[in-house]
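Student: I have a structure here, written as structure tokens, and I will follow up with some questions on it.
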Amino acid sequence: MDRYLINGGKKLYGEVEISGAKNAAVAMIPAALMVDGVCRIENMPQISDTDMLMSIISALGAKIKVIDPTTVEIDCRSVHNCDAPYDKMRRIRASYYLIGAMLGRFGCAKTTMPGGCNFGVRPIDQHIKGMVAMGAKVEVKNGFVYAEARGGRLNGARIYLDKVSVGATMNIMIAAVMASGRTVIENAAREPHIVDLANFLNSMGADVRGAGTDTIKVNGVERLHGGTYSIIPDQIEAGTYMMAVAAAGGEVRINNIIPKHLECISAKLVEMGVDVEELEDAVIVRREGPLRPTNVKTLPYPGFPTDMQPQISTALCFANGTSFVTEGVWDNRYKYVNELRKMGANIEVSGRTAVIEGVPCLTGAPVAACDLRAGAAMVIAGLCANGVTEVEDVHFIERGYEDFTGKLIRLGADITVVRDPDEPEKVPMFAV
Ligand code: EPZ
């Protein structure tokens, strides 16, 4: 099992470049199935989730050309079947976007129930509600999702989401772009990656309006043409580095970001006594003095992102006082707390709220990454701990962070990557 060895106690200094947004990229790759032409996608993050999705559509017959480390050209004109490789689909959450894309292109879809980070029940009932409203017959059986559009093509519909769901909003949007007639998605999620997906689809000839608000209107079109699109910077990757500086101390300029997307994170950092200087497409984060405690509740955008919850909780372990962190999106996103306790953190979790008593320091220990963001939080804890922290199961981290250890080492972190000789070397299918 691959692991990271982190020798803590080093402040972070220098500059870091943020990569393309994972949660936008993992929707665009399946959506490319619907494009009757070549999709050139720039600023593609080099992470295992995007590599996995490209290998899935490649297995369906898509032709993928790697132009440079962050640019791919995807041509799905020769894709004629909707039976994607199950062993790969069940390993990532975003495989659910194949339902919307296949229904939109072929009028049928057969996928596995999605995999992904395990922090409680992660249903897809709202995705199914949307597809059924658009005229699909959907059956979930033995871990598979079977869907078929009555009459071979989806029809526009008005859909009210019972839960604000990023995935359902994006999946329904994808399915709706070539449906017959207008679809209205109400109580839609408003994350930056939803706006990015809408802009991607519109650059290929779709007619999506209102993305970023709670009501999205999609006028179905007959065809999507090829085009070029550049993915927005990753809000959560940027926030993770901001939180790393808050915890470890130092001064880092974080380049290639959209400050608006980081407003909530920046506001919390300022409350914690961290200096955040906003530039046009960068932020400079400084922390020299003590960290102040604060309270935070994670909420759908524009609230504080749930995908930043493990990272801020870890930073607050070093604050001078008591902080309260409440998880407002997921049922059980505190598995990592037990790992932090192994390092000496003083955290009590009751229901969806973690009560964090700041301690002067943590002590390095062997810990595990429980999921993608929890894994990043373990690395942040290791950067600040006395002694060496060994983080296992780092494959979770590599699903969503491009060159995480390389970027941190360039900021002064002392990290050694230990590859397991018994594990087959993971050669990305579409790396340059
Ligand atoms: C996306 O997951 C992200 N993943 C998650 O990021 C992120 O935590 C989440 O959105 C919230 O922002 C991807 O984009 C691949 P949801 P998703 O549908 O779509 C409930 C990361 O770290 N719900 O917005 O699965 C659900 O249980 C990952 O990058 C239903 O009840 O999340 C949850 O309580 C981890 N029925 C809430 O809605 C449904 O059909 C929000 O879920 C769908 C969701």
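Letters A, B, ... mark the chains of the structure tokens in the order given; residue numbers begin at 1 per chain; ligand numbers begin at 1, in order shown.
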Produce as a list in words the set of residues near ligand 1, where near means within 7 Å with only C-alpha atoms and all ligand atoms considered.

Tutor: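 Taking only C-alpha atoms and all ligand atoms into account, the residues around ligand 1 at most 7 Å away are Lys22, Asn23, Val26, Arg93, Ala94, Cys117, Val121, Arg122, Pro123, Ile124, Asp125, Gln126, His127, Lys163, Val164, Ser165, Val166, Gly167, Ala168, Pro300, Pro305, Thr306, Asp307, Val329, Trp330, Asp331, Leu372, Arg373 and Gly400 of chain A.
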
Student: Pull N, CA and C atoms from the residues just selected and write them as a PDB file, in the first residue's frame.

Tutor:
```pdb
ATOM      1  N   LYS A  22     -11.712  19.260 -10.228  1.00  0.00           N
ATOM      2  CA  LYS A  22     -12.038  17.830 -10.338  1.00  0.00           C
ATOM      3  C   LYS A  22     -13.531  17.625 -10.579  1.00  0.00           C
ATOM      4  N   ASN A  23     -14.367  18.304  -9.787  1.00  0.00           N
ATOM      5  CA  ASN A  23     -15.793  18.008  -9.837  1.00  0.00           C
ATOM      6  C   ASN A  23     -16.500  18.601 -11.049  1.00  0.00           C
ATOM      7  N   VAL A  26     -15.014  15.714 -13.941  1.00  0.00           N
ATOM      8  CA  VAL A  26     -15.626  14.374 -13.907  1.00  0.00           C
ATOM      9  C   VAL A  26     -17.062  14.389 -14.436  1.00  0.00           C
ATOM     10  N   ARG A  93     -17.551   7.859  -7.801  1.00  0.00           N
ATOM     11  CA  ARG A  93     -18.889   8.430  -7.615  1.00  0.00           C
ATOM     12  C   ARG A  93     -19.424   9.009  -8.921  1.00  0.00           C
ATOM     13  N   ALA A  94     -18.550   9.650  -9.671  1.00  0.00           N
ATOM     14  CA  ALA A  94     -19.005  10.425 -10.835  1.00  0.00           C
ATOM     15  C   ALA A  94     -19.450   9.543 -11.996  1.00  0.00           C
ATOM     16  N   CYS A 117     -16.239   8.135  -2.232  1.00  0.00           N
ATOM     17  CA  CYS A 117     -15.878   8.249  -0.807  1.00  0.00           C
ATOM     18  C   CYS A 117     -17.027   7.773   0.071  1.00  0.00           C
ATOM     19  N   VAL A 121     -24.656   7.212   3.800  1.00  0.00           N
ATOM     20  CA  VAL A 121     -25.458   6.788   2.660  1.00  0.00           C
ATOM     21  C   VAL A 121     -25.372   7.860   1.566  1.00  0.00           C
ATOM     22  N   ARG A 122     -25.155   7.419   0.322  1.00  0.00           N
ATOM     23  CA  ARG A 122     -25.082   8.393  -0.781  1.00  0.00           C
ATOM     24  C   ARG A 122     -26.054   7.952  -1.868  1.00  0.00           C
ATOM     25  N   PRO A 123     -27.356   8.213  -1.640  1.00  0.00           N
ATOM     26  CA  PRO A 123     -28.370   7.743  -2.594  1.00  0.00           C
ATOM     27  C   PRO A 123     -28.318   8.511  -3.916  1.00  0.00           C
ATOM     28  N   ILE A 124     -29.012   7.989  -4.914  1.00  0.00           N
ATOM     29  CA  ILE A 124     -29.135   8.724  -6.184  1.00  0.00           C
ATOM     30  C   ILE A 124     -30.605   8.863  -6.563  1.00  0.00           C
ATOM     31  N   ASP A 125     -31.468   8.871  -5.549  1.00  0.00           N
ATOM     32  CA  ASP A 125     -32.911   8.950  -5.821  1.00  0.00           C
ATOM     33  C   ASP A 125     -33.297  10.227  -6.559  1.00  0.00           C
ATOM     34  N   GLN A 126     -32.599  11.325  -6.310  1.00  0.00           N
ATOM     35  CA  GLN A 126     -32.943  12.577  -6.998  1.00  0.00           C
ATOM     36  C   GLN A 126     -32.508  12.550  -8.464  1.00  0.00           C
ATOM     37  N   HIS A 127     -31.407  11.838  -8.730  1.00  0.00           N
ATOM     38  CA  HIS A 127     -31.002  11.643 -10.136  1.00  0.00           C
ATOM     39  C   HIS A 127     -32.123  10.885 -10.859  1.00  0.00           C
ATOM     40  N   LYS A 163     -33.686  17.513  -2.474  1.00  0.00           N
ATOM     41  CA  LYS A 163     -32.463  17.857  -1.742  1.00  0.00           C
ATOM     42  C   LYS A 163     -31.597  18.666  -2.696  1.00  0.00           C
ATOM     43  N   VAL A 164     -30.884  19.633  -2.188  1.00  0.00           N
ATOM     44  CA  VAL A 164     -29.950  20.373  -3.042  1.00  0.00           C
ATOM     45  C   VAL A 164     -28.798  19.425  -3.346  1.00  0.00           C
ATOM     46  N   SER A 165     -28.746  18.946  -4.557  1.00  0.00           N
ATOM     47  CA  SER A 165     -27.788  17.892  -4.917  1.00  0.00           C
ATOM     48  C   SER A 165     -26.943  18.325  -6.110  1.00  0.00           C
ATOM     49  N   VAL A 166     -25.624  18.381  -5.902  1.00  0.00           N
ATOM     50  CA  VAL A 166     -24.699  18.726  -6.989  1.00  0.00           C
ATOM     51  C   VAL A 166     -24.827  17.697  -8.108  1.00  0.00           C
ATOM     52  N   GLY A 167     -24.732  16.431  -7.726  1.00  0.00           N
ATOM     53  CA  GLY A 167     -24.730  15.376  -8.742  1.00  0.00           C
ATOM     54  C   GLY A 167     -26.029  15.318  -9.518  1.00  0.00           C
ATOM     55  N   ALA A 168     -27.156  15.385  -8.796  1.00  0.00           N
ATOM     56  CA  ALA A 168     -28.446  15.300  -9.491  1.00  0.00           C
ATOM     57  C   ALA A 168     -28.634  16.512 -10.406  1.00  0.00           C
ATOM     58  N   PRO A 300     -24.405  23.783   1.218  1.00  0.00           N
ATOM     59  CA  PRO A 300     -24.244  23.911  -0.232  1.00  0.00           C
ATOM     60  C   PRO A 300     -23.762  25.317  -0.584  1.00  0.00           C
ATOM     61  N   PRO A 305     -17.867  25.004   2.061  1.00  0.00           N
ATOM     62  CA  PRO A 305     -17.982  23.717   1.387  1.00  0.00           C
ATOM     63  C   PRO A 305     -17.767  22.514   2.302  1.00  0.00           C
ATOM     64  N   THR A 306     -18.612  21.507   2.182  1.00  0.00           N
ATOM     65  CA  THR A 306     -18.408  20.263   2.941  1.00  0.00           C
ATOM     66  C   THR A 306     -17.066  19.628   2.596  1.00  0.00           C
ATOM     67  N   ASP A 307     -16.587  19.848   1.380  1.00  0.00           N
ATOM     68  CA  ASP A 307     -15.318  19.224   0.970  1.00  0.00           C
ATOM     69  C   ASP A 307     -14.104  19.914   1.596  1.00  0.00           C
ATOM     70  N   VAL A 329     -24.093  18.653   5.267  1.00  0.00           N
ATOM     71  CA  VAL A 329     -24.433  17.985   3.993  1.00  0.00           C
ATOM     72  C   VAL A 329     -24.468  16.465   4.128  1.00  0.00           C
ATOM     73  N   TRP A 330     -23.431  15.874   4.740  1.00  0.00           N
ATOM     74  CA  TRP A 330     -23.305  14.417   4.801  1.00  0.00           C
ATOM     75  C   TRP A 330     -23.605  13.885   6.192  1.00  0.00           C
ATOM     76  N   ASP A 331     -24.099  12.646   6.244  1.00  0.00           N
ATOM     77  CA  ASP A 331     -24.490  12.062   7.539  1.00  0.00           C
ATOM     78  C   ASP A 331     -23.293  11.739   8.415  1.00  0.00           C
ATOM     79  N   LEU A 372     -11.018  10.991   0.246  1.00  0.00           N
ATOM     80  CA  LEU A 372     -10.215  11.982  -0.476  1.00  0.00           C
ATOM     81  C   LEU A 372      -9.856  13.193   0.384  1.00  0.00           C
ATOM     82  N   ARG A 373     -10.821  13.878   0.925  1.00  0.00           N
ATOM     83  CA  ARG A 373     -10.545  15.124   1.656  1.00  0.00           C
ATOM     84  C   ARG A 373      -9.989  14.819   3.047  1.00  0.00           C
ATOM     85  N   GLY A 400      -8.064  12.949  -6.287  1.00  0.00           N
ATOM     86  CA  GLY A 400      -8.580  14.299  -6.491  1.00  0.00           C
ATOM     87  C   GLY A 400      -7.585  15.420  -6.400  1.00  0.00           C
TER      88      GLY A 400
END
```

Student: Set the distance at 10 Å and use only C-alpha atoms: which residues neighbour A:Asn338 once local chain neighbours fewer than 3 positions away are removed? I'd like the list as a list in words.

Tutor: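 Residues near the query, excluding close chain neighbours: Tyr334, Lys335, Arg341, Lys342, Met343, Gly344, Ala345, Ile347, Glu348, Val349, Val367 and Ala368 of chain A.
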
Student: Please, which residues in stretch 338-395 of chain A fall within 12 Å of stretch 287-291 of chain A when counting only C-alpha atoms, and what is the closest atom pair and distance in Å to one decimal for each, ordered by chain then residue number, as a tab-separated table?

Tutor:
```
residue	atom	partner	partner_atom	distance
A:Gly358	CA	A:Leu291	CA	9.2
A:Val359	CA	A:Leu291	CA	11.0
A:Pro360	CA	A:Pro290	CA	10.2
```

Student: Could you write out the selected residues, including C-alpha atoms, as a PDB file, in the first residue's frame?

Tutor:
```
ATOM      1  CA  GLY A 358      -7.066  23.358  20.442  1.00  0.00           C
ATOM      2  CA  VAL A 359      -3.834  21.718  21.596  1.00  0.00           C
ATOM      3  CA  PRO A 360      -0.279  23.143  21.478  1.00  0.00           C
TER       4      PRO A 360
END
```

Student: I'd like the contact shell of stretch 188-201 of chain A - 9 Å cut-off, only C-alpha atoms, skipping same-chain residues fewer than 3 positions apart - returned as JSON, numbers by chain.

Tutor: {"A": [21, 22, 23, 24, 25, 27, 28, 31, 32, 160, 161, 163, 164, 165, 166, 167, 168, 169, 170, 173, 174, 177, 185, 204, 205, 206, 207, 208, 209, 210, 211, 212, 213, 214, 215, 216, 224, 227, 228, 229, 230, 231, 232, 234, 235, 261, 300, 301, 302]}

Student: Compile the contact shell of A:Cys370 as a list in words: residues with an atom at most 9 Å away, counting only C-alpha atoms, same-chain residues fewer than 6 positions apart removed.

Tutor: Cys117, Asn118, Phe119, Lys335, Tyr336, Glu339, Asp393 and Phe396 of chain A

Student: For A:Glu222, find every residue with an atom within 9 Å (counting only C-alpha atoms), except residues of its own chain fewer than 6 positions away, and show them as a ChimeraX atom specification.

Tutor: /A:177-180

Student: If you keep N, CA and C atoms, can you produce a file of those selected residues as a PDB file, in the first residue's frame?

Tutor:
```pdb
ATOM      1  N   VAL A 177     -29.972  18.314 -22.151  1.00  0.00           N
ATOM      2  CA  VAL A 177     -29.495  19.210 -23.232  1.00  0.00           C
ATOM      3  C   VAL A 177     -29.941  18.743 -24.622  1.00  0.00           C
ATOM      4  N   MET A 178     -30.191  17.420 -24.781  1.00  0.00           N
ATOM      5  CA  MET A 178     -30.696  16.974 -26.092  1.00  0.00           C
ATOM      6  C   MET A 178     -32.073  16.330 -25.976  1.00  0.00           C
ATOM      7  N   ALA A 179     -32.777  16.638 -24.862  1.00  0.00           N
ATOM      8  CA  ALA A 179     -34.164  16.156 -24.720  1.00  0.00           C
ATOM      9  C   ALA A 179     -35.052  16.981 -25.642  1.00  0.00           C
ATOM     10  N   SER A 180     -36.272  16.477 -25.862  1.00  0.00           N
ATOM     11  CA  SER A 180     -37.214  17.225 -26.703  1.00  0.00           C
ATOM     12  C   SER A 180     -37.948  18.222 -25.807  1.00  0.00           C
TER      13      SER A 180
END
```

Student: Just want the 8 Å neighbourhood of A:Thr240, counted on only C-alpha atoms, with same-chain residues fewer than 2 positions away dropped. Output as a list in words.

Tutor: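 In the requested form, the answer reads Ile236, Glu237, Ala238, Met242, Met243, Ala244, Met308, Gln311 and Ala376 of chain A.
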
Student: Based on the selection just made, write N, CA and C atoms of those residues as a PDB file, in the first residue's frame.

Tutor:
```
ATOM      1  N   ILE A 236     -11.680  23.634  -4.245  1.00  0.00           N
ATOM      2  CA  ILE A 236     -11.363  22.854  -3.043  1.00  0.00           C
ATOM      3  C   ILE A 236      -9.865  22.601  -2.947  1.00  0.00           C
ATOM      4  N   GLU A 237      -9.217  22.384  -4.090  1.00  0.00           N
ATOM      5  CA  GLU A 237      -7.759  22.245  -4.057  1.00  0.00           C
ATOM      6  C   GLU A 237      -7.140  23.529  -3.503  1.00  0.00           C
ATOM      7  N   ALA A 238      -7.632  24.672  -4.001  1.00  0.00           N
ATOM      8  CA  ALA A 238      -7.105  25.959  -3.520  1.00  0.00           C
ATOM      9  C   ALA A 238      -7.358  26.115  -2.018  1.00  0.00           C
ATOM     10  N   MET A 242      -4.787  26.702   1.212  1.00  0.00           N
ATOM     11  CA  MET A 242      -4.981  27.841   2.134  1.00  0.00           C
ATOM     12  C   MET A 242      -5.028  27.349   3.571  1.00  0.00           C
ATOM     13  N   MET A 243      -5.724  26.228   3.784  1.00  0.00           N
ATOM     14  CA  MET A 243      -5.863  25.677   5.132  1.00  0.00           C
ATOM     15  C   MET A 243      -4.539  25.082   5.606  1.00  0.00           C
ATOM     16  N   ALA A 244      -3.748  24.567   4.660  1.00  0.00           N
ATOM     17  CA  ALA A 244      -2.440  24.012   5.032  1.00  0.00           C
ATOM     18  C   ALA A 244      -1.534  25.114   5.574  1.00  0.00           C
ATOM     19  N   MET A 308     -14.386  20.950   2.418  1.00  0.00           N
ATOM     20  CA  MET A 308     -13.305  21.599   3.171  1.00  0.00           C
ATOM     21  C   MET A 308     -13.422  21.291   4.664  1.00  0.00           C
ATOM     22  N   GLN A 311     -10.396  19.505   6.408  1.00  0.00           N
ATOM     23  CA  GLN A 311      -9.210  20.359   6.396  1.00  0.00           C
ATOM     24  C   GLN A 311      -9.303  21.466   7.459  1.00  0.00           C
ATOM     25  N   ALA A 376      -6.351  14.402   2.628  1.00  0.00           N
ATOM     26  CA  ALA A 376      -5.631  15.697   2.547  1.00  0.00           C
ATOM     27  C   ALA A 376      -5.473  16.282   3.940  1.00  0.00           C
TER      28      ALA A 376
END
```

Student: Run DSSP on the backbone of this structure and report the residues of stretch 145-229 of chain A it assigns to strand (DSSP E or B), as a ChimeraX atom specification.

Tutor: /A:145-149,155,158-160,180,182-186,208-209,211,213,215-219,224-229

Student: So which residues touch A:Cys76 within 7 Å, counting only C-alpha atoms, skipping near sequence neighbours fewer than 2 positions away, as a VMD selection string?

Tutor: chain A and resid 32 to 33 35 61 to 63 74 78 to 79

Student: According to DSSP computed on the backbone, where in stretch 181-330 of chain A is there alpha helix (DSSP H)? Give the residues as a VMD selection string.

Tutor: chain A and resid 192 to 203 235 to 248 263 to 271 309 to 316

Student: Based on the selection just made, write N, CA and C atoms of those residues as a CSV table (one decimal), in the first residue's frame.

Tutor:
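Saved the output as again.csv:
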```
chain,number,residue,atom,x,y,z
A,192,PRO,N,-19.7,26.3,-8.2
A,192,PRO,CA,-19.0,26.8,-9.4
A,192,PRO,C,-18.8,25.7,-10.5
A,193,HIS,N,-18.7,24.5,-10.1
A,193,HIS,CA,-18.5,23.4,-11.1
A,193,HIS,C,-19.8,23.2,-11.9
A,194,ILE,N,-20.9,23.6,-11.3
A,194,ILE,CA,-22.2,23.4,-12.0
A,194,ILE,C,-22.3,24.5,-13.1
A,195,VAL,N,-21.9,25.7,-12.8
A,195,VAL,CA,-21.8,26.8,-13.8
A,195,VAL,C,-20.8,26.4,-14.9
A,196,ASP,N,-19.7,25.8,-14.5
A,196,ASP,CA,-18.6,25.4,-15.4
A,196,ASP,C,-19.2,24.3,-16.4
A,197,LEU,N,-19.9,23.4,-15.9
A,197,LEU,CA,-20.5,22.3,-16.8
A,197,LEU,C,-21.5,23.0,-17.8
A,198,ALA,N,-22.3,23.9,-17.3
A,198,ALA,CA,-23.3,24.6,-18.2
A,198,ALA,C,-22.5,25.3,-19.3
A,199,ASN,N,-21.5,26.0,-18.9
A,199,ASN,CA,-20.7,26.8,-19.9
A,199,ASN,C,-20.0,25.8,-20.9
A,200,PHE,N,-19.5,24.7,-20.4
A,200,PHE,CA,-18.9,23.7,-21.3
A,200,PHE,C,-20.0,23.2,-22.3
A,201,LEU,N,-21.2,22.8,-21.8
A,201,LEU,CA,-22.2,22.3,-22.7
A,201,LEU,C,-22.7,23.4,-23.7
A,202,ASN,N,-22.8,24.6,-23.2
A,202,ASN,CA,-23.2,25.7,-24.1
A,202,ASN,C,-22.1,26.0,-25.2
A,203,SER,N,-20.9,25.8,-24.8
A,203,SER,CA,-19.8,26.0,-25.8
A,203,SER,C,-19.9,24.9,-26.9
A,235,GLN,N,-11.7,25.0,-6.7
A,235,GLN,CA,-12.0,25.7,-5.5
A,235,GLN,C,-11.5,25.0,-4.3
A,236,ILE,N,-11.7,23.6,-4.2
A,236,ILE,CA,-11.4,22.9,-3.0
A,236,ILE,C,-9.9,22.6,-2.9
A,237,GLU,N,-9.2,22.4,-4.1
A,237,GLU,CA,-7.8,22.2,-4.1
A,237,GLU,C,-7.1,23.5,-3.5
A,238,ALA,N,-7.6,24.7,-4.0
A,238,ALA,CA,-7.1,26.0,-3.5
A,238,ALA,C,-7.4,26.1,-2.0
A,239,GLY,N,-8.6,25.8,-1.6
A,239,GLY,CA,-8.9,25.9,-0.2
A,239,GLY,C,-8.0,25.0,0.7
A,240,THR,N,-7.7,23.8,0.1
A,240,THR,CA,-6.9,22.9,0.9
A,240,THR,C,-5.5,23.5,1.2
A,241,TYR,N,-4.9,24.1,0.2
A,241,TYR,CA,-3.6,24.8,0.4
A,241,TYR,C,-3.7,26.0,1.3
A,242,MET,N,-4.8,26.7,1.2
A,242,MET,CA,-5.0,27.8,2.1
A,242,MET,C,-5.0,27.3,3.6
A,243,MET,N,-5.7,26.2,3.8
A,243,MET,CA,-5.9,25.7,5.1
A,243,MET,C,-4.5,25.1,5.6
A,244,ALA,N,-3.7,24.6,4.7
A,244,ALA,CA,-2.4,24.0,5.0
A,244,ALA,C,-1.5,25.1,5.6
A,245,VAL,N,-1.6,26.3,4.9
A,245,VAL,CA,-0.8,27.4,5.4
A,245,VAL,C,-1.3,27.9,6.8
A,246,ALA,N,-2.6,27.9,6.9
A,246,ALA,CA,-3.2,28.3,8.2
A,246,ALA,C,-2.7,27.4,9.3
A,247,ALA,N,-2.6,26.1,9.1
A,247,ALA,CA,-2.2,25.2,10.1
A,247,ALA,C,-0.7,25.2,10.3
A,248,ALA,N,0.1,25.1,9.2
A,248,ALA,CA,1.5,25.0,9.3
A,248,ALA,C,2.2,26.3,9.6
A,263,GLU,N,-14.6,32.9,-1.4
A,263,GLU,CA,-15.0,33.9,-0.4
A,263,GLU,C,-15.3,33.3,1.0
A,264,CYS,N,-16.0,32.2,1.0
A,264,CYS,CA,-16.4,31.6,2.3
A,264,CYS,C,-15.2,31.1,3.1
A,265,ILE,N,-14.3,30.5,2.3
A,265,ILE,CA,-13.1,29.9,2.9
A,265,ILE,C,-12.2,31.1,3.4
A,266,SER,N,-12.0,32.1,2.6
A,266,SER,CA,-11.2,33.2,3.0
A,266,SER,C,-11.8,33.9,4.3
A,267,ALA,N,-13.1,34.0,4.3
A,267,ALA,CA,-13.8,34.7,5.4
A,267,ALA,C,-13.5,33.9,6.7
A,268,LYS,N,-13.5,32.6,6.7
A,268,LYS,CA,-13.3,31.8,7.8
A,268,LYS,C,-11.8,31.9,8.3
A,269,LEU,N,-10.9,31.9,7.3
A,269,LEU,CA,-9.5,32.0,7.6
A,269,LEU,C,-9.2,33.4,8.3
A,270,VAL,N,-9.9,34.4,7.9
A,270,VAL,CA,-9.7,35.7,8.5
A,270,VAL,C,-10.2,35.7,9.9
A,271,GLU,N,-11.3,35.0,10.2
A,271,GLU,CA,-11.8,34.8,11.5
A,271,GLU,C,-10.8,34.1,12.4
A,309,GLN,N,-14.4,20.5,5.0
A,309,GLN,CA,-14.7,20.2,6.5
A,309,GLN,C,-13.5,19.5,7.2
A,310,PRO,N,-13.0,18.4,6.6
A,310,PRO,CA,-11.8,17.8,7.3
A,310,PRO,C,-10.6,18.7,7.4
A,311,GLN,N,-10.4,19.5,6.4
A,311,GLN,CA,-9.2,20.4,6.4
A,311,GLN,C,-9.3,21.5,7.5
A,312,ILE,N,-10.5,22.1,7.6
A,312,ILE,CA,-10.6,23.2,8.6
A,312,ILE,C,-10.6,22.6,10.0
A,313,SER,N,-11.2,21.4,10.1
A,313,SER,CA,-11.2,20.8,11.5
A,313,SER,C,-9.8,20.5,11.9
A,314,THR,N,-9.0,20.1,11.0
A,314,THR,CA,-7.6,19.8,11.3
A,314,THR,C,-6.8,21.1,11.7
A,315,ALA,N,-7.0,22.1,11.0
A,315,ALA,CA,-6.4,23.4,11.3
A,315,ALA,C,-6.8,23.9,12.7
A,316,LEU,N,-8.1,23.7,13.0
A,316,LEU,CA,-8.6,24.2,14.3
A,316,LEU,C,-8.1,23.4,15.5
```

Student: What is the atom CA of A:Glu148-atom CA of A:Asp51 distance in Å, reported with one decimal?

Tutor: 27.5 Å

Student: Which of these, A:Ile99, A:Leu299, A:Leu262, A:Ile380, has the shortest distance to A:Phe318 once you count only C-alpha atoms?

Tutor: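 So, comparing all the options, the nearest one is A:Ile380.
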
Student: Rounded to one decimal, what separation in Å do you get between atom CA of A:Asp83 and atom CA of A:Asn219?

Tutor: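 Separation between atom CA of A:Asp83 and atom CA of A:Asn219: 27.5 Å.
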
Student: Point out the residue among A:Gly104, A:Gly116, A:Ala109, A:Val140 with the least atom-to-atom distance to A:Ile172, counting only C-alpha atoms.

Tutor: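 Selected residue with least distance to A:Ile172: A:Gly104.
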